[in-house]
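Working notes, structure below.
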Amino acid sequence: MLAVAGLSLIGCRDRQVTAYRAPKDPAPVMPMPKTAMANTNDLPPGHPPVGPDAAIPGAPAAMTGSVPTSANTDLVWTAPAAWTAKALGTMRKGSYAVPGEGGTAADLAITAFPGDTGGLFANVNRWRGQVGLGPVEAAQLDSSTQAVEANGLKMIIVEATGQAGGNPTTLLGAIVPHNGQTWFFKLMGPQALVAREKPAFREFLNTIKPR
Amino acid sequence: MNGILRPFRDFFVSIRLTVVLLLLSMILVFWATLAQVELGVWGVQQKFFHSFVVLQEIPRTGISVPAFPGGYFIGGLLLINLLAAHLYRFRLEWRKLGIQLTHAGLILLLLGELLTGLMSQESLMRIDAGETRHYSESYRQFELAVKDITDPGFDDVVAIPEAVLTDTGTVQNPKLPFQVRIRQYYLNASLQMKSQTPGLPASGATAGIGPGISVMPLAPSTKENEGNMPASLVELVAPEGTLGVWLVSAALGQPQTVAYQGRTWELVLRLRRYYQPHSVQLVNFTHEKYAGTEIPKNFASRVRLTTDNHREDREVLIYMNNPLRYAGLTYYQAGFENNDRTTILQVVRNPSWLLPYFACCLMGLGLVIQFGIHLFGFFQKRSAAVAA
């Protein structure tokens, strides 16, 4: 009875709408990533990007400063030693910085979502849009993608070079359906750097396998 | 005692019940330990220990059925069993003092655990170097904050907790000139710009940035390294009619504003905040490593604690095993991020934190007395035997 009474009390506390006066929050300091500037046409000026690739401000993070890996995911992979693991946003299953020359870096984002997330056609055009390219027609899809297979996984590789933030940018990605989910492995950054890392990216794709 | 109540009494004072309950608790702990791989610590606590029954889903049906007694059930029954046995067998004798104290300590320990489960509150405070924080944030619970930001010096906040949001009802608060109608709440969802992925369904929002965004619901997770990113459709209804429907999400980087009756409100879905009448400023954070390695030797936060009434203003060093205890809260050094520029403090409020210490002292004293009496008796018998 004591426990029931206590639980009811706590239950009420969890449901309590509170009103209070609080000091103002400092203005969020969130510089707009250059790579995302081309695709914010529906967002107010200064709003950070929205979508699976966006870094999430204030997102719950691990309690320690440890760097997340591919642990606890349906797919596992081994990233090249030169790539630096980054903290995950809550959307990312994996996140790496690919260092280039002169302080430049490309971003490798690994995300997964249930279902086909709109289908291959929509996703290819979404990625093309991120480097400022127009959509391809459905009939052109085969010519702008490449299908490969590794460790029993079917992968669609997409490469698109255009402009993002006024700089020549390449997006090199793989779309991998697995176990009712669609996985996205997206390397995006300066054109020269991504071109240099292309063989490493293909090698990286070969390491992806089901857990 | 009449014949009807006697079986109940015998059941609750029975040592067999104690043994069965201890066995059940061992099985529960073992099962929960295995389940931690899938559910994480938080999920296991909720499912196995902070529950009366453990619900288990029948595979491929989505139907959950009671599968095992939960922590509250076993612990509660153990407490009743102990209390009943204690009262039933209580004899006011010096010889029994040790046993009585030991049992009283055990009862206090169980009560302490119950109170901790019910009343303790854990949250995190992330502070960048030089930054000052008045609040800590929940690990996993979210809230919808409706903030009147008209005054340049402060915000008037109405915070609606997640437990209310999930019920998708209407919230009326005297501080707000409109009703907040929760039309939809997603425990976990990803957002996608519609302009980037043609053909995605509309979110249902009519105001703010929501009309340009599509919401994809995701399965909620309880794992430590997989936080949920909730989203909600919120309608504001004034006496003269609806003001619009907003999509709010923890994934949106900026709050959305609403102007009404000459005042400006912000809508933001965020981790639940616990404000305090004092602030903590991170003066500096140090992260020492063993020479030539990446192995941490010590990490510490030098913080400045200031109360709102300025009666207290001092610097404190918080490091591993040396927390700051202030105003019923304990600040532990829990982690760091952002290249050592951000410290993460765990903030714990546990009004019953001293009970386990009292309980252990009582039990220790009881055991010393009990064994002392036996030892004394043994020596007396031996002396008598030698004398004879």
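Identifiers for the structure tokens are assigned positionally: chains receive A, B, ... in sequence, residues are indexed from 1 per chain, and ligands are indexed from 1 in the order shown.
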Picked from stretch 173-273 of chain B by DSSP as strand (DSSP E), as JSON, numbers by chain: {"B": [179, 180, 181, 182, 183, 184, 185, 186, 189, 190, 191, 192, 193, 213, 214, 215, 216, 217, 231, 232, 233, 234, 235, 236, 237, 238, 241, 242, 243, 244, 245, 246, 247, 248, 249, 256, 257, 258, 259, 260, 263, 264, 265, 266, 267, 268, 269, 270, 271, 272, 273]}
Could you pull the residues within 8 Å of stretch 259-268 of chain B, counting only C-alpha atoms, minus those fewer than 6 positions along the same chain, as a PyMOL selection string? chain B and resi 144-150+248-250
Could you dump the residues just selected with C-alpha atoms as a compact mmCIF listing (two decimals), in the first residue's frame?
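Result file out19.txt:
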# COMPACT_ATOMS: atom_id res chain seq x y z
CA LEU B 144 7.16 21.36 -24.12
CA ALA B 145 8.17 24.82 -22.94
CA VAL B 146 5.79 27.65 -23.81
CA LYS B 147 7.79 30.77 -22.97
CA ASP B 148 6.64 34.35 -22.80
CA ILE B 149 9.82 36.06 -24.00
CA THR B 150 8.41 39.58 -24.23
CA VAL B 248 7.89 21.12 -32.44
CA SER B 249 10.79 18.74 -32.12
CA ALA B 250 13.96 18.40 -30.11
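Take atom CA of B:Pro59 and atom CA of B:Trp42: the distance between them is 22.2 Å.
Within 6 Å of stretch 126-140 of chain A there are Asn123, Val124, Asp142, Ser143, Ala160, Gly162, Gln163 and Ala164 of chain A; Gln196 and Thr197 of chain B, counting only C-alpha atoms and ignoring same-chain residues fewer than 2 positions away.
The gap separating atom CA of B:Gly208 from atom CA of B:Val258 is 8.4 Å, in Å to one decimal.
Shortest separation to A:Phe113 among B:Pro217, B:Glu312, B:Leu324, B:Cys361 occurs at residue B:Pro217, atoms counted being only C-alpha atoms.
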I need the residue nearest chain B from this list: A:Tyr20, A:Phe185, A:Trp77, A:Phe121. Use only C-alpha atoms for the distance. A:Tyr20
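Among the candidate residues B:Arg302, B:Arg16, B:Lys289, B:Lys175, the one lying nearest to chain A is B:Lys175, with distances computed using only C-alpha atoms.
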Within 8 Å of chain A, which residues of chain B are there when counting only C-alpha atoms? Please give them as a count of residues only. 50
